Every structure is written in structure tokens, then in C-alpha cells.
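Colleague: Mind looking over this structure? Questions follow.
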Amino acid sequence: MYAVLRAKFESSNPKPSDTFNKYLKNVRRELNCDLYAARKAEIVDRARRYDNGRISGVLLGGSSKKLMGGLSSFISLPTALNSPQHPDMVETDPAKVVEITRDYFSDLYQRTPPPDKPKSWMNTPLVVEVRERIAKEPFVWPVAATLEDFRAMLRKGNPRPSPGPDRWEKWCVKNLSDGALLKVLDLHNYLVMNASFPGMVKDTHLTYLHK
């Protein structure tokens, strides 16, 4: 190997200031650059094939849960974006990058306003009668439930449904005494009157798939 490199160095017509050690350093630098480029291309190719496989699995009917990997798969905003007004200009200011990203998704998911068409069915005799009846007896909500109303609600529906996140069994609540049931009734009325529900009850996971 040494003889081959020595022969290449001598055949390249080196300048008087060029030495064989300098030539070896340049060769090693070029080899390292080629090795880095090859490794990077292989990593990017593997990542692309892996992502294509996951997305294809979801499109073929698989679960999309694997696409949401939690905090470890969080992808932050890009650090540089092309300006929409000037495609040849690259914006690196964080505030400008946020603005470009917000404008892009706002335009992408913008809804088309519904057409303004006449609604002739709103003037039919049945609809007019319902409108007049509701005007006389408007629906009032929210309304606090009494103890009798709450027990009537507990008698409705499935007597043994699956418990929710609070792990309360319906049959157990139904058999409480009036004094104990008043505590549950106060909690129910607070949730209804204030439209406030605990996070453990209303927390959900949403997966957005653009089509």
C-alpha cells in the first residue's frame, strides 16, 4: 500500500513545497469524507425505508398507534425554511420560522365557507309550530338535579355498565343512602352547572392523518 501511494504521489508532479506526508494527509481526509458520506446515505436510506413501511402499514389497515411514539418521537420545528414570498431566500429567524409554519398549516387546513342558499324548509308549518312552542317554553340548561331526579337517572339504562376512569360501579352508587348520595349529587351538579370535568375523564389522544 505504501508503494502504491508513493508511486501515485510521484506521478502527480508534486510541487517543491508538497511533501509525501502532506499528500497522505489529503488522501486520509478524502477517505474520511467519502466514508462519512456513505454512512450518512445509508442511515438516511434505512430511516426512509423504515418510515415508508410504517406509513404503508397504516394505509393498509394497520394501527396508527405505532406512529405516535410519545415524547421520544417529538419532532421540533425546523430551524430554517424557504420564504413563501421569495423562494430563493432561506429564513433562519425563529420567529419567522414559526410564522411561516403557522401560515402554511392555516392555509392547508382552511375550510371552504358553506354556500349561502335559501332554506325553504325553515318556513314549513311544522317548523314554524315548533319555533313558536319553543319561544313560549324555552329549554333551560344547565339545571341542577334534585335527589329524586338523580335516583331516576340511576334507574335508567344498563344497571351494570363498565366503570369509567373513576372506577365507580353504578350499582354501588345506586344503593347509597340519601346522605351519601347527596355527596355524589353535589359533585354531579358542580360538573353540569360549571361544564367542568376532571382531566382523567376527558383526556383523549387524537391522531391527525392528512388526506
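Following the order of the C-alpha cells, first chain is A, next is B, and so on, with residues numbered from 1 inside each chain and ligands from 1 in the order they appear.
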May I have the residues within 12 Å of region 7-12 of chain A as a PDB file with all heavy atoms, in the first residue's frame, using only C-alpha atoms and disregarding those fewer than 3 positions away in the same chain?

Modeller:
```pdb
ATOM      1  N   MET A   1       0.826  -1.202   0.000  1.00  0.00           N
ATOM      2  CA  MET A   1       0.000   0.000   0.000  1.00  0.00           C
ATOM      3  C   MET A   1       0.868   1.264   0.000  1.00  0.00           C
ATOM      4  O   MET A   1       0.586   2.246  -0.682  1.00  0.00           O
ATOM      5  CB  MET A   1      -0.922  -0.011   1.222  1.00  0.00           C
ATOM      6  CG  MET A   1      -1.977   1.063   1.218  1.00  0.00           C
ATOM      7  SD  MET A   1      -3.167   0.855  -0.131  1.00  0.00           S
ATOM      8  CE  MET A   1      -4.210   2.263   0.130  1.00  0.00           C
ATOM      9  N   TYR A   2       1.930   1.205   0.785  1.00  0.00           N
ATOM     10  CA  TYR A   2       2.842   2.356   0.849  1.00  0.00           C
ATOM     11  C   TYR A   2       3.466   2.616  -0.515  1.00  0.00           C
ATOM     12  O   TYR A   2       3.568   3.772  -0.956  1.00  0.00           O
ATOM     13  CB  TYR A   2       3.910   2.104   1.900  1.00  0.00           C
ATOM     14  CG  TYR A   2       4.963   3.183   1.971  1.00  0.00           C
ATOM     15  CD1 TYR A   2       4.733   4.340   2.701  1.00  0.00           C
ATOM     16  CD2 TYR A   2       6.176   3.043   1.290  1.00  0.00           C
ATOM     17  CE1 TYR A   2       5.694   5.341   2.754  1.00  0.00           C
ATOM     18  CE2 TYR A   2       7.136   4.030   1.342  1.00  0.00           C
ATOM     19  CZ  TYR A   2       6.899   5.194   2.081  1.00  0.00           C
ATOM     20  OH  TYR A   2       7.840   6.187   2.119  1.00  0.00           O
ATOM     21  N   ALA A   3       3.853   1.535  -1.198  1.00  0.00           N
ATOM     22  CA  ALA A   3       4.495   1.695  -2.503  1.00  0.00           C
ATOM     23  C   ALA A   3       3.516   2.267  -3.526  1.00  0.00           C
ATOM     24  O   ALA A   3       3.882   3.099  -4.367  1.00  0.00           O
ATOM     25  CB  ALA A   3       5.041   0.343  -2.975  1.00  0.00           C
ATOM     26  N   VAL A   4       2.242   1.846  -3.444  1.00  0.00           N
ATOM     27  CA  VAL A   4       1.237   2.354  -4.382  1.00  0.00           C
ATOM     28  C   VAL A   4       1.018   3.842  -4.163  1.00  0.00           C
ATOM     29  O   VAL A   4       0.975   4.638  -5.125  1.00  0.00           O
ATOM     30  CB  VAL A   4      -0.074   1.568  -4.226  1.00  0.00           C
ATOM     31  CG1 VAL A   4      -1.166   2.179  -5.089  1.00  0.00           C
ATOM     32  CG2 VAL A   4       0.138   0.103  -4.602  1.00  0.00           C
ATOM     33  N   LYS A  15       4.580  19.751  -6.341  1.00  0.00           N
ATOM     34  CA  LYS A  15       5.354  20.981  -6.249  1.00  0.00           C
ATOM     35  C   LYS A  15       6.489  20.797  -5.247  1.00  0.00           C
ATOM     36  O   LYS A  15       6.445  19.903  -4.397  1.00  0.00           O
ATOM     37  CB  LYS A  15       4.458  22.144  -5.827  1.00  0.00           C
ATOM     38  CG  LYS A  15       3.332  22.437  -6.795  1.00  0.00           C
ATOM     39  CD  LYS A  15       2.475  23.582  -6.286  1.00  0.00           C
ATOM     40  CE  LYS A  15       1.336  23.872  -7.248  1.00  0.00           C
ATOM     41  NZ  LYS A  15       0.468  24.982  -6.752  1.00  0.00           N
ATOM     42  N   PRO A  16       7.486  21.634  -5.324  1.00  0.00           N
ATOM     43  CA  PRO A  16       8.597  21.515  -4.360  1.00  0.00           C
ATOM     44  C   PRO A  16       8.132  21.653  -2.910  1.00  0.00           C
ATOM     45  O   PRO A  16       8.741  21.069  -2.011  1.00  0.00           O
ATOM     46  CB  PRO A  16       9.550  22.644  -4.769  1.00  0.00           C
ATOM     47  CG  PRO A  16       9.250  22.887  -6.216  1.00  0.00           C
ATOM     48  CD  PRO A  16       7.778  22.643  -6.377  1.00  0.00           C
ATOM     49  N   ASP A  18       5.259  20.606  -1.721  1.00  0.00           N
ATOM     50  CA  ASP A  18       4.445  19.450  -1.333  1.00  0.00           C
ATOM     51  C   ASP A  18       5.349  18.322  -0.864  1.00  0.00           C
ATOM     52  O   ASP A  18       6.354  17.992  -1.510  1.00  0.00           O
ATOM     53  CB  ASP A  18       3.594  18.966  -2.503  1.00  0.00           C
ATOM     54  CG  ASP A  18       2.546  20.001  -2.901  1.00  0.00           C
ATOM     55  OD1 ASP A  18       2.238  20.863  -2.057  1.00  0.00           O
ATOM     56  OD2 ASP A  18       2.063  19.949  -4.055  1.00  0.00           O
ATOM     57  N   THR A  19       4.966  17.739   0.249  1.00  0.00           N
ATOM     58  CA  THR A  19       5.709  16.603   0.791  1.00  0.00           C
ATOM     59  C   THR A  19       4.827  15.362   0.751  1.00  0.00           C
ATOM     60  O   THR A  19       3.601  15.445   0.576  1.00  0.00           O
ATOM     61  CB  THR A  19       6.149  16.877   2.233  1.00  0.00           C
ATOM     62  OG1 THR A  19       4.983  17.078   3.038  1.00  0.00           O
ATOM     63  CG2 THR A  19       7.035  18.118   2.303  1.00  0.00           C
ATOM     64  N   PHE A  20       5.448  14.232   0.928  1.00  0.00           N
ATOM     65  CA  PHE A  20       4.691  12.980   0.922  1.00  0.00           C
ATOM     66  C   PHE A  20       3.743  12.887   2.125  1.00  0.00           C
ATOM     67  O   PHE A  20       2.643  12.369   2.012  1.00  0.00           O
ATOM     68  CB  PHE A  20       5.665  11.795   0.908  1.00  0.00           C
ATOM     69  CG  PHE A  20       4.986  10.454   0.797  1.00  0.00           C
ATOM     70  CD1 PHE A  20       4.165  10.162  -0.279  1.00  0.00           C
ATOM     71  CD2 PHE A  20       5.159   9.487   1.769  1.00  0.00           C
ATOM     72  CE1 PHE A  20       3.524   8.929  -0.395  1.00  0.00           C
ATOM     73  CE2 PHE A  20       4.529   8.256   1.664  1.00  0.00           C
ATOM     74  CZ  PHE A  20       3.723   7.970   0.571  1.00  0.00           C
ATOM     75  N   ASN A  21       4.171  13.415   3.262  1.00  0.00           N
ATOM     76  CA  ASN A  21       3.288  13.415   4.444  1.00  0.00           C
ATOM     77  C   ASN A  21       2.037  14.272   4.202  1.00  0.00           C
ATOM     78  O   ASN A  21       0.924  13.912   4.609  1.00  0.00           O
ATOM     79  CB  ASN A  21       4.042  13.938   5.659  1.00  0.00           C
ATOM     80  CG  ASN A  21       5.075  12.943   6.166  1.00  0.00           C
ATOM     81  OD1 ASN A  21       4.949  11.745   5.914  1.00  0.00           O
ATOM     82  ND2 ASN A  21       6.091  13.435   6.867  1.00  0.00           N
ATOM     83  N   LYS A  22       2.202  15.413   3.570  1.00  0.00           N
ATOM     84  CA  LYS A  22       1.058  16.255   3.249  1.00  0.00           C
ATOM     85  C   LYS A  22       0.115  15.554   2.277  1.00  0.00           C
ATOM     86  O   LYS A  22      -1.111  15.662   2.388  1.00  0.00           O
ATOM     87  CB  LYS A  22       1.556  17.571   2.656  1.00  0.00           C
ATOM     88  CG  LYS A  22       0.466  18.590   2.393  1.00  0.00           C
ATOM     89  CD  LYS A  22       1.060  19.890   1.886  1.00  0.00           C
ATOM     90  CE  LYS A  22      -0.029  20.929   1.641  1.00  0.00           C
ATOM     91  NZ  LYS A  22       0.534  22.208   1.131  1.00  0.00           N
ATOM     92  N   TYR A  23       0.719  14.824   1.322  1.00  0.00           N
ATOM     93  CA  TYR A  23      -0.116  14.060   0.382  1.00  0.00           C
ATOM     94  C   TYR A  23      -0.925  12.980   1.106  1.00  0.00           C
ATOM     95  O   TYR A  23      -2.109  12.773   0.821  1.00  0.00           O
ATOM     96  CB  TYR A  23       0.787  13.437  -0.685  1.00  0.00           C
ATOM     97  CG  TYR A  23       0.064  12.492  -1.622  1.00  0.00           C
ATOM     98  CD1 TYR A  23      -0.750  12.969  -2.632  1.00  0.00           C
ATOM     99  CD2 TYR A  23       0.210  11.112  -1.476  1.00  0.00           C
ATOM    100  CE1 TYR A  23      -1.408  12.095  -3.488  1.00  0.00           C
ATOM    101  CE2 TYR A  23      -0.455  10.236  -2.312  1.00  0.00           C
ATOM    102  CZ  TYR A  23      -1.269  10.729  -3.318  1.00  0.00           C
ATOM    103  OH  TYR A  23      -1.940   9.869  -4.156  1.00  0.00           O
ATOM    104  N   LEU A  24      -0.292  12.299   2.067  1.00  0.00           N
ATOM    105  CA  LEU A  24      -1.010  11.266   2.829  1.00  0.00           C
ATOM    106  C   LEU A  24      -2.143  11.862   3.662  1.00  0.00           C
ATOM    107  O   LEU A  24      -3.218  11.264   3.792  1.00  0.00           O
ATOM    108  CB  LEU A  24      -0.018  10.527   3.738  1.00  0.00           C
ATOM    109  CG  LEU A  24       1.013   9.636   3.041  1.00  0.00           C
ATOM    110  CD1 LEU A  24       1.945   9.005   4.066  1.00  0.00           C
ATOM    111  CD2 LEU A  24       0.334   8.554   2.204  1.00  0.00           C
ATOM    112  N   LYS A  25      -1.920  13.050   4.230  1.00  0.00           N
ATOM    113  CA  LYS A  25      -2.984  13.700   4.999  1.00  0.00           C
ATOM    114  C   LYS A  25      -4.176  14.042   4.109  1.00  0.00           C
ATOM    115  O   LYS A  25      -5.348  13.868   4.501  1.00  0.00           O
ATOM    116  CB  LYS A  25      -2.446  14.959   5.665  1.00  0.00           C
ATOM    117  CG  LYS A  25      -1.463  14.694   6.791  1.00  0.00           C
ATOM    118  CD  LYS A  25      -0.976  16.007   7.414  1.00  0.00           C
ATOM    119  CE  LYS A  25       0.022  15.744   8.530  1.00  0.00           C
ATOM    120  NZ  LYS A  25       0.526  17.000   9.140  1.00  0.00           N
ATOM    121  N   ASN A  26      -3.930  14.526   2.902  1.00  0.00           N
ATOM    122  CA  ASN A  26      -5.023  14.841   1.980  1.00  0.00           C
ATOM    123  C   ASN A  26      -5.791  13.588   1.578  1.00  0.00           C
ATOM    124  O   ASN A  26      -7.025  13.600   1.466  1.00  0.00           O
ATOM    125  CB  ASN A  26      -4.475  15.547   0.740  1.00  0.00           C
ATOM    126  CG  ASN A  26      -3.931  16.916   1.059  1.00  0.00           C
ATOM    127  OD1 ASN A  26      -4.357  17.562   2.014  1.00  0.00           O
ATOM    128  ND2 ASN A  26      -2.962  17.382   0.256  1.00  0.00           N
ATOM    129  N   VAL A  27      -5.048  12.498   1.342  1.00  0.00           N
ATOM    130  CA  VAL A  27      -5.711  11.235   0.994  1.00  0.00           C
ATOM    131  C   VAL A  27      -6.580  10.746   2.144  1.00  0.00           C
ATOM    132  O   VAL A  27      -7.721  10.305   1.934  1.00  0.00           O
ATOM    133  CB  VAL A  27      -4.659  10.173   0.607  1.00  0.00           C
ATOM    134  CG1 VAL A  27      -5.307   8.804   0.457  1.00  0.00           C
ATOM    135  CG2 VAL A  27      -3.956  10.568  -0.680  1.00  0.00           C
TER     136      VAL A  27
END
```

Colleague: Run DSSP on the backbone and tell me which residues of region 16-203 of chain A come out as strand (DSSP E or B); list them as a ChimeraX atom specification.

Modeller: /A:81-82,90-91

Colleague: I'd like to know which of A:Leu77, A:Leu185, A:Val128, A:Met89 is closest to Arg102 (chain A), using only C-alpha atoms.

Modeller: A:Leu77

Colleague: CA of Pro84 (chain A) to CA of Phe105 (chain A): how many Å, to one decimal?

Modeller: 12.8 Å

Colleague: Report, in Å with one decimal, the straight-line distance from CA of Ala180 (chain A) to CA of Trp141 (chain A).

Modeller: 25.9 Å

Colleague: For CA of Leu181 (chain A) and CA of Arg151 (chain A), quote the distance in Å rounded to one decimal.

Modeller: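 CA of Leu181 (chain A) sits 9.0 Å away from CA of Arg151 (chain A).
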